[in-house]
>>> print(open('final.txt').read())   # compact mmCIF, C-alpha atoms and all ligand atoms
# COMPACT_ATOMS: atom_id res chain seq x y z
CA MET W 1 189.83 55.25 15.16
CA ALA W 2 191.23 52.97 17.86
CA GLY W 3 188.75 50.87 19.83
CA LYS W 4 187.87 51.66 23.40
CA ALA W 5 187.96 48.14 24.75
CA PRO W 6 186.94 47.98 28.40
CA ARG W 7 189.99 47.67 30.62
CA SER W 8 190.16 45.47 33.62
CA GLY W 9 190.94 46.90 37.02
CA PRO W 10 194.23 46.45 38.84
CA ARG W 11 195.19 42.83 39.38
CA ARG W 12 198.11 41.77 41.48
CA HIS W 13 200.03 39.13 39.62
CA ALA W 14 203.44 39.23 38.03
CA PRO W 15 203.24 38.99 34.24
CA ALA W 16 205.93 36.74 32.78
CA VAL W 17 207.60 39.55 30.89
CA LEU W 18 208.29 41.39 34.15
CA SER W 19 210.85 38.73 35.06
CA GLY W 20 213.20 39.64 32.18
CA ARG W 21 216.79 38.94 33.18
CA LEU W 22 219.81 41.06 32.48
CA SER W 23 222.60 39.78 30.29
CA GLY W 24 225.78 41.26 28.98
CA ARG W 25 227.06 42.64 25.70
CA ALA W 26 230.68 42.48 24.67
CA GLY W 27 232.47 45.72 25.38
CA TRP W 28 229.87 47.01 27.83
CA ARG W 29 230.15 46.92 31.56
CA THR W 30 227.51 44.57 32.86
CA VAL W 31 226.95 43.86 36.54
CA THR W 32 223.95 43.06 38.66
CA PRO W 33 222.28 46.43 39.10
CA MET W 34 221.76 47.96 42.50
CA ARG W 35 219.21 50.29 44.02
CA HIS W 36 220.98 53.46 42.90
CA ASP W 37 221.99 52.35 39.44
CA VAL W 38 220.96 53.81 36.12
CA VAL W 39 220.20 50.98 33.72
CA LEU W 40 220.45 51.46 29.97
CA TYR W 41 218.75 48.99 27.65
CA GLN W 42 220.75 48.62 24.47
CA GLY W 43 221.63 45.91 22.02
CA GLU W 44 221.23 44.74 18.48
CA ALA W 45 217.58 43.71 18.88
CA LEU W 46 216.62 47.28 19.86
CA GLY W 47 218.82 48.82 17.18
CA ARG W 48 216.93 46.86 14.55
CA TYR W 49 213.75 48.86 15.25
CA GLY W 50 213.65 51.19 12.28
CA PHE W 51 212.92 51.38 8.60
CA GLY W 52 215.67 51.38 5.98
CA GLY W 53 215.73 52.96 2.56
CA GLY W 54 216.23 56.54 3.74
CA HIS W 55 213.28 56.51 6.15
CA PRO W 56 213.82 59.16 8.90
CA PHE W 57 213.42 56.48 11.61
CA GLY W 58 216.44 54.53 10.39
CA PRO W 59 218.08 51.68 12.28
CA ASP W 60 221.22 53.82 12.81
CA ARG W 61 219.67 55.96 15.56
CA LEU W 62 220.81 53.71 18.43
CA SER W 63 224.44 53.64 17.30
CA ALA W 64 224.46 57.44 16.87
CA PHE W 65 223.50 57.75 20.54
CA LEU W 66 225.85 55.04 21.81
CA THR W 67 228.82 56.56 20.00
CA GLU W 68 228.25 59.90 21.74
CA LEU W 69 227.62 58.21 25.10
CA ALA W 70 230.96 56.42 24.82
CA ARG W 71 232.72 59.60 23.64
CA GLN W 72 231.60 61.28 26.86
CA GLY W 73 232.65 58.27 28.94
CA LEU W 74 229.15 57.67 30.29
CA ASP W 75 229.11 54.11 28.96
CA ARG W 76 231.35 53.22 31.90
CA THR W 77 228.97 54.72 34.46
CA VAL W 78 225.61 53.28 33.44
CA LYS W 79 224.75 49.62 33.83
CA THR W 80 223.76 47.87 30.64
CA ALA W 81 220.86 45.51 30.11
CA ALA W 82 220.23 43.49 26.98
CA PRO W 83 216.88 43.95 25.22
CA VAL W 84 214.02 41.75 26.36
CA THR W 85 211.20 40.62 24.10
CA ALA W 86 207.51 40.92 24.96
CA THR W 87 205.15 37.97 24.66
CA ASP W 88 202.02 38.23 22.50
CA GLU W 89 200.07 38.12 25.76
CA ALA W 90 201.88 41.21 27.04
CA LEU W 91 201.31 43.04 23.75
CA SER W 92 197.61 42.30 24.07
CA TRP W 93 197.37 44.04 27.46
CA PHE W 94 197.15 47.17 25.34
CA HIS W 95 196.78 46.11 21.72
CA ASP W 96 193.91 44.34 20.06
CA ALA W 97 194.94 40.68 19.56
CA ALA W 98 193.88 40.76 15.90
CA TYR W 99 196.18 43.75 15.31
CA VAL W 100 199.11 41.88 16.92
CA ARG W 101 198.46 38.92 14.60
CA ARG W 102 198.30 41.22 11.57
CA VAL W 103 201.67 42.81 12.39
CA ARG W 104 203.25 39.38 12.87
CA LEU W 105 201.94 38.21 9.48
CA GLN W 106 202.93 41.35 7.57
CA SER W 107 206.35 41.34 9.21
CA LEU W 108 207.09 37.84 7.88
CA SER W 109 206.81 38.80 4.25
CA GLY W 110 207.42 42.55 4.44
CA GLY W 111 205.86 44.97 2.01
CA GLY W 112 203.15 47.55 2.30
CA PHE W 113 202.44 49.74 5.28
CA LEU W 114 200.99 49.16 8.74
CA ASP W 115 199.21 52.53 8.60
CA GLN W 116 198.31 55.11 5.97
CA GLY W 117 201.88 55.40 4.67
CA ASP W 118 204.27 56.42 7.47
CA THR W 119 205.08 53.02 8.97
CA PRO W 120 206.35 50.39 6.50
CA ALA W 121 205.88 46.68 7.25
CA VAL W 122 209.56 45.83 6.82
CA PRO W 123 210.63 42.20 7.44
CA GLY W 124 211.46 41.60 11.11
CA ILE W 125 209.66 44.66 12.43
CA PHE W 126 207.40 42.51 14.64
CA ASP W 127 210.40 41.11 16.51
CA ALA W 128 212.12 44.49 16.81
CA ALA W 129 208.94 46.22 18.02
CA SER W 130 208.37 43.42 20.54
CA HIS W 131 211.85 44.05 21.94
CA VAL W 132 211.06 47.75 22.35
CA VAL W 133 207.97 46.86 24.39
CA GLY W 134 209.65 44.10 26.38
CA SER W 135 212.64 46.26 27.31
CA VAL W 136 210.47 49.09 28.62
CA VAL W 137 208.34 46.71 30.67
CA ALA W 138 211.41 44.87 32.01
CA GLY W 139 213.00 48.22 32.89
CA ALA W 140 209.95 49.21 34.90
CA ALA W 141 210.11 45.86 36.68
CA LEU W 142 213.65 46.71 37.84
CA LEU W 143 212.32 49.96 39.29
CA LEU W 144 209.39 48.28 41.04
CA ARG W 145 211.67 45.62 42.51
CA GLY W 146 214.06 48.30 43.76
CA GLU W 147 216.89 46.97 41.61
CA ALA W 148 217.51 50.31 39.87
CA SER W 149 216.50 53.90 40.46
CA ARG W 150 216.47 55.08 36.85
CA VAL W 151 216.07 53.35 33.50
CA PHE W 152 216.70 54.66 30.00
CA VAL W 153 215.52 52.90 26.85
CA PRO W 154 216.71 54.95 23.87
CA ILE W 155 214.72 53.21 21.16
CA ALA W 156 211.29 53.44 22.80
CA GLY W 157 208.43 55.85 23.47
CA LEU W 158 206.43 54.91 20.36
CA HIS W 159 203.55 57.14 21.35
CA HIS W 160 201.52 57.20 18.12
CA ALA W 161 200.53 53.52 17.93
CA ARG W 162 196.93 52.88 18.92
CA ARG W 163 195.26 49.77 20.30
CA THR W 164 194.21 48.66 16.82
CA SER W 165 196.66 50.38 14.50
CA ALA W 166 200.17 51.61 13.80
CA GLY W 167 200.85 55.31 13.31
CA GLY W 168 203.72 57.76 12.78
CA PHE W 169 206.61 55.21 12.69
CA CYS W 170 205.16 53.43 15.76
CA VAL W 171 204.21 49.75 15.41
CA PHE W 172 203.47 48.86 19.03
CA ASN W 173 202.87 51.43 21.75
CA ASP W 174 205.41 50.42 24.39
CA ILE W 175 204.11 53.15 26.71
CA GLY W 176 200.55 51.82 26.43
CA VAL W 177 201.63 48.26 27.21
CA LEU W 178 203.76 49.52 30.10
CA ILE W 179 200.90 51.50 31.62
CA GLU W 180 198.67 48.42 31.46
CA ALA W 181 201.48 46.36 33.05
CA LEU W 182 201.87 48.89 35.87
CA LYS W 183 198.12 48.87 36.50
CA ARG W 184 198.24 45.08 36.72
CA GLN W 185 200.87 45.53 39.42
CA GLY W 186 198.40 47.65 41.36
CA LEU W 187 199.69 51.14 40.54
CA THR W 188 196.97 53.77 40.36
CA ARG W 189 198.95 57.00 39.97
CA ILE W 190 201.19 56.87 36.90
CA ALA W 191 202.72 60.11 35.58
CA TYR W 192 203.59 60.28 31.88
CA VAL W 193 205.48 63.34 30.61
CA ASP W 194 206.03 63.71 26.85
CA ILE W 195 208.34 66.40 25.45
CA ASP W 196 208.63 65.02 21.91
CA ALA W 197 207.74 67.56 19.19
CA HIS W 198 204.68 65.50 18.27
CA HIS W 199 201.61 65.10 20.44
CA GLY W 200 201.45 61.62 22.01
CA ASP W 201 198.03 60.83 20.62
CA GLY W 202 198.32 57.06 21.16
CA VAL W 203 198.77 57.57 24.89
CA TYR W 204 196.36 60.49 25.22
CA TYR W 205 193.32 59.03 23.43
CA ASP W 206 193.68 55.46 24.62
CA PHE W 207 193.90 56.61 28.25
CA GLU W 208 191.76 59.74 27.95
CA ASP W 209 189.19 58.41 30.41
CA ASP W 210 191.66 56.57 32.65
CA PRO W 211 192.01 58.10 36.13
CA CYS W 212 195.27 56.23 36.78
CA VAL W 213 197.17 58.03 34.03
CA PHE W 214 198.33 61.61 34.64
CA SER W 215 199.73 62.65 31.27
CA ALA W 216 201.42 65.97 30.49
CA ASP W 217 202.45 66.66 26.91
CA ILE W 218 204.41 69.64 25.54
CA HIS W 219 204.49 69.57 21.74
CA GLU W 220 204.38 71.64 18.57
CA ASP W 221 200.90 73.00 17.92
CA GLY W 222 198.86 70.40 16.02
CA ARG W 223 197.82 72.98 13.44
CA PHE W 224 201.36 72.80 12.09
CA LEU W 225 202.49 69.23 12.78
CA TYR W 226 201.41 65.58 12.77
CA PRO W 227 199.21 64.21 14.31
CA GLY W 228 197.24 67.46 14.53
CA THR W 229 195.94 66.88 18.06
CA GLY W 230 196.78 67.93 21.63
CA GLY W 231 194.88 71.19 22.03
CA ARG W 232 194.81 72.97 25.39
CA ASP W 233 191.18 71.98 25.80
CA GLU W 234 192.04 68.26 25.74
CA SER W 235 192.33 67.57 29.46
CA GLY W 236 190.82 64.10 29.78
CA ARG W 237 187.23 62.96 29.97
CA ASP W 238 184.89 61.04 32.25
CA ALA W 239 186.90 59.47 35.11
CA GLY W 240 190.09 60.87 33.54
CA ALA W 241 188.84 64.46 33.39
CA GLY W 242 191.45 66.93 34.63
CA ARG W 243 194.16 64.28 34.68
CA LYS W 244 195.73 65.22 31.32
CA LEU W 245 197.61 68.37 30.40
CA ASN W 246 198.34 69.41 26.82
CA ILE W 247 200.55 72.41 26.09
CA PRO W 248 201.03 73.21 22.39
CA LEU W 249 203.96 75.47 21.46
CA ALA W 250 204.09 77.66 18.36
CA PRO W 251 206.56 76.71 15.61
CA GLY W 252 209.94 78.25 16.40
CA ALA W 253 209.42 78.17 20.18
CA GLY W 254 212.65 77.81 22.14
CA ASP W 255 213.88 77.04 25.64
CA ARG W 256 212.24 80.11 27.17
CA GLU W 257 208.76 79.00 26.09
CA PHE W 258 209.55 75.42 27.04
CA LEU W 259 210.66 76.33 30.57
CA ALA W 260 207.47 78.31 31.14
CA ALA W 261 205.42 75.34 29.94
CA PHE W 262 207.44 72.92 32.04
CA ASP W 263 206.67 74.88 35.21
CA LYS W 264 203.02 73.96 34.59
CA VAL W 265 204.00 70.33 34.01
CA GLU W 266 205.85 70.27 37.34
CA THR W 267 202.85 71.64 39.18
CA PHE W 268 200.64 69.05 37.46
CA VAL W 269 202.96 66.11 38.26
CA ARG W 270 203.37 67.25 41.86
CA ALA W 271 199.59 67.34 42.31
CA ALA W 272 199.39 63.79 40.92
CA ARG W 273 201.67 62.41 43.67
CA PRO W 274 202.81 59.72 41.23
CA GLU W 275 204.09 56.27 42.12
CA ILE W 276 206.33 56.25 39.02
CA ILE W 277 207.30 58.85 36.41
CA LEU W 278 207.63 57.98 32.71
CA LEU W 279 209.39 60.44 30.39
CA GLN W 280 209.20 60.41 26.61
CA ALA W 281 212.24 62.55 25.73
CA GLY W 282 211.84 62.89 21.98
CA ALA W 283 214.71 64.86 20.46
CA ASP W 284 212.70 66.08 17.47
CA SER W 285 211.77 69.16 19.52
CA ILE W 286 215.40 70.36 19.25
CA ALA W 287 216.24 73.04 16.64
CA GLY W 288 217.26 71.56 13.32
CA ASP W 289 215.08 68.46 13.27
CA PRO W 290 214.10 67.64 9.69
CA LEU W 291 210.48 66.80 10.56
CA ALA W 292 209.43 69.40 13.16
CA HIS W 293 209.73 73.15 13.71
CA LEU W 294 210.51 73.76 17.38
CA ALA W 295 213.82 75.33 18.41
CA LEU W 296 214.69 73.88 21.82
CA THR W 297 218.24 73.01 22.86
CA PRO W 298 219.25 69.79 24.66
CA GLU W 299 219.24 71.87 27.85
CA ALA W 300 215.43 71.71 27.77
CA HIS W 301 215.50 67.94 28.02
CA ARG W 302 218.17 68.07 30.73
CA HIS W 303 216.00 70.46 32.73
CA ALA W 304 212.94 68.22 32.35
CA THR W 305 214.88 65.14 33.41
CA LYS W 306 216.44 66.88 36.39
CA ARG W 307 213.13 68.22 37.66
CA LEU W 308 211.31 64.91 37.16
CA CYS W 309 214.05 63.07 39.04
CA ALA W 310 213.58 65.53 41.92
CA LEU W 311 209.80 64.95 41.90
CA ALA W 312 210.34 61.18 41.75
CA GLY W 313 212.53 61.49 44.82
CA GLU W 314 209.71 63.23 46.66
CA TYR W 315 206.81 61.01 45.62
CA ALA W 316 207.81 57.97 43.58
CA GLN W 317 210.69 56.36 45.50
CA GLY W 318 212.97 57.81 42.85
CA ARG W 319 211.48 55.75 40.03
CA VAL W 320 212.02 57.36 36.63
CA LEU W 321 211.83 55.49 33.34
CA ALA W 322 212.91 57.59 30.35
CA MET W 323 212.42 56.69 26.69
CA GLY W 324 214.20 58.21 23.71
CA GLY W 325 211.13 58.87 21.56
CA GLY W 326 211.53 60.68 18.24
CA GLY W 327 214.42 62.70 16.88
CA TYR W 328 215.63 62.50 13.30
CA ASN W 329 218.72 64.72 13.35
CA ARG W 330 221.38 62.24 14.53
CA ASP W 331 223.60 64.85 16.21
CA ASN W 332 220.58 66.24 18.06
CA LEU W 333 219.39 62.89 19.35
CA ALA W 334 222.91 61.93 20.43
CA ALA W 335 223.42 65.18 22.36
CA THR W 336 219.90 65.20 23.82
CA TRP W 337 219.70 61.62 25.01
CA THR W 338 223.23 61.77 26.41
CA GLY W 339 222.14 64.83 28.39
CA VAL W 340 219.12 62.90 29.68
CA VAL W 341 221.40 60.06 30.85
CA ARG W 342 223.72 62.59 32.51
CA GLU W 343 220.80 63.94 34.56
CA LEU W 344 219.52 60.47 35.40
CA LEU W 345 223.00 59.75 36.80
CA ALA W 346 223.28 63.07 38.62
CA ASP W 347 220.78 62.84 41.43
CA ARG W 348 219.95 59.42 42.83
ZN ZN M 1 208.09 63.02 17.43
>>> encode(input="final.txt", output="structure tokens")
Amino acid sequence: MAGKAPRSGPRRHAPAVLSGRLSGRAGWRTVTPMRHDVVLYQGEALGRYGFGGGHPFGPDRLSAFLTELARQGLDRTVKTAAPVTATDEALSWFHDAAYVRRVRLQSLSGGGFLDQGDTPAVPGIFDAASHVVGSVVAGAALLLRGEASRVFVPIAGLHHARRTSAGGFCVFNDIGVLIEALKRQGLTRIAYVDIDAHHGDGVYYDFEDDPCVFSADIHEDGRFLYPGTGGRDESGRDAGAGRKLNIPLAPGAGDREFLAAFDKVETFVRAARPEIILLQAGADSIAGDPLAHLALTPEAHRHATKRLCALAGEYAQGRVLAMGGGGYNRDNLAATWTGVVRELLADR
């Protein structure tokens, strides 16, 4: 499937996209963030990532979250950053340049699909997907510069896109681009934790042999759910052997099974001694999602966030970047992501 283009080693230069500036949005508190701030990326350009016409990944997901965040009063506690776009050069740190050109072209006219039928090429999707990538990379830059301790990007964590193809509603793999950006900054121990219902195949396979990426993924067993991968025996290969952890859960599994699995994730992340922790907090693992069959509650995601923040405090100078990931029941994603933000705010 996706190509295994040779990757260059760490290089110490600051890619242009890492200098993304913060700007305000009417009605949202916007100040220069400080070391202990939690920064939330939100704005119209991110909200546009989605597919209309009744597609589960609709463009209304961001507003569903923001409405709940405001209802709980957390919009006054986080600092807000406007979405930042990624350059074609940044996209090509992970993606094949020909694939980037194809998405740009298909996005101009719209029509057809970018994969086998899950990810429509709607007009403007190139720009929206570029803002997802750019915001995640800019958020990580804040962490590396010590200008924030936690970052949350709700519309992000598009873990199915591969280097040469879209997949499962994911046009560009923001996590893949971010990992390549972090490696270019000289990081060699990057922890990626994925608690979305679906296995993060785009991150797993494209970094399967990469010793810098310590990925841990709890998901619904691939025998019952897209993309059908992520077996316990998939633990990395070659230089990346032993640096990946996959824990499939049976359909119907709840918080009890999740907490047991997450204990293993904690042990794994601790052993990695990461320099930064990335969390894909997909809410489609919560009971009642229309596409998946797990039965977690938002408490599972709060627990994961809390524990990862504690580990980041021990090893990673507190750096945690969380992404919303999947989640197609609007009430679930609103409750889950708000809980994640609450934990990001709790312990800094
Ligand atoms: Zn998912």
>>> atom_distance(input="final.txt", atom1="atom CA of Asn173 of chain W", atom2="atom CA of Gln116 of chain W")
16.8 Å
>>> closest_residue(input="final.txt", among="W:Leu108, W:Ala128, W:Ile179, W:Val340", to="Leu46 of chain W", atoms="only C-alpha atoms")
W:Ala128
>>> axis_aligned_box(input="final.txt", around="segment 159-176 of chain W", padding_each_side="5 Å", output="JSON")
{"center_x": 200.4, "center_y": 53.2, "center_z": 19.7, "size_x": 22.4, "size_y": 19.1, "size_z": 24.0}
>>> atom_distance(input="final.txt", atom1="atom CA of Leu259 of chain W", atom2="atom CA of Ala70 of chain W")
29.0 Å
>>> residues_near_ligand(input="final.txt", ligand="ligand ZN 1 (chain M)", cutoff="7 Å", atoms="all atoms listed in the file", output="PDB file with C-alpha atoms, keeping the file's coordinate frame")
ATOM      1  CA  ASP W 196     208.630  65.020  21.910  1.00  0.00           C
ATOM      2  CA  ALA W 197     207.740  67.560  19.190  1.00  0.00           C
ATOM      3  CA  HIS W 198     204.680  65.500  18.270  1.00  0.00           C
ATOM      4  CA  GLY W 282     211.840  62.890  21.980  1.00  0.00           C
ATOM      5  CA  ASP W 284     212.700  66.080  17.470  1.00  0.00           C
ATOM      6  CA  GLY W 325     211.130  58.870  21.560  1.00  0.00           C
ATOM      7  CA  GLY W 326     211.530  60.680  18.240  1.00  0.00           C
ATOM      8  CA  GLY W 327     214.420  62.700  16.880  1.00  0.00           C
TER       9      GLY W 327
END
>>> residues_around(input="final.txt", residues="segment 158-160 of chain W", least_positions_apart="4", cutoff="6 Å", atoms="all atoms listed in the file", output="ChimeraX atom specification")
/W:167-168,170,173,200-203
>>> write_last_selection(input="final.txt", atoms="C-alpha atoms", output="PDB file, in the coordinates of the input")
ATOM      1  CA  GLY W 167     200.850  55.310  13.310  1.00  0.00           C
ATOM      2  CA  GLY W 168     203.720  57.760  12.780  1.00  0.00           C
ATOM      3  CA  CYS W 170     205.160  53.430  15.760  1.00  0.00           C
ATOM      4  CA  ASN W 173     202.870  51.430  21.750  1.00  0.00           C
ATOM      5  CA  GLY W 200     201.450  61.620  22.010  1.00  0.00           C
ATOM      6  CA  ASP W 201     198.030  60.830  20.620  1.00  0.00           C
ATOM      7  CA  GLY W 202     198.320  57.060  21.160  1.00  0.00           C
ATOM      8  CA  VAL W 203     198.770  57.570  24.890  1.00  0.00           C
TER       9      VAL W 203
END
>>> closest_residue(input="final.txt", among="W:Asp210, W:Asp75, W:Asp221, W:Glu275", to="Leu182 of chain W", atoms="all atoms listed in the file")
W:Glu275
>>> closest_residue(input="final.txt", among="W:Leu114, W:Ile190, W:Val171, W:Leu333", to="Leu279 of chain W", atoms="only C-alpha atoms")
W:Ile190
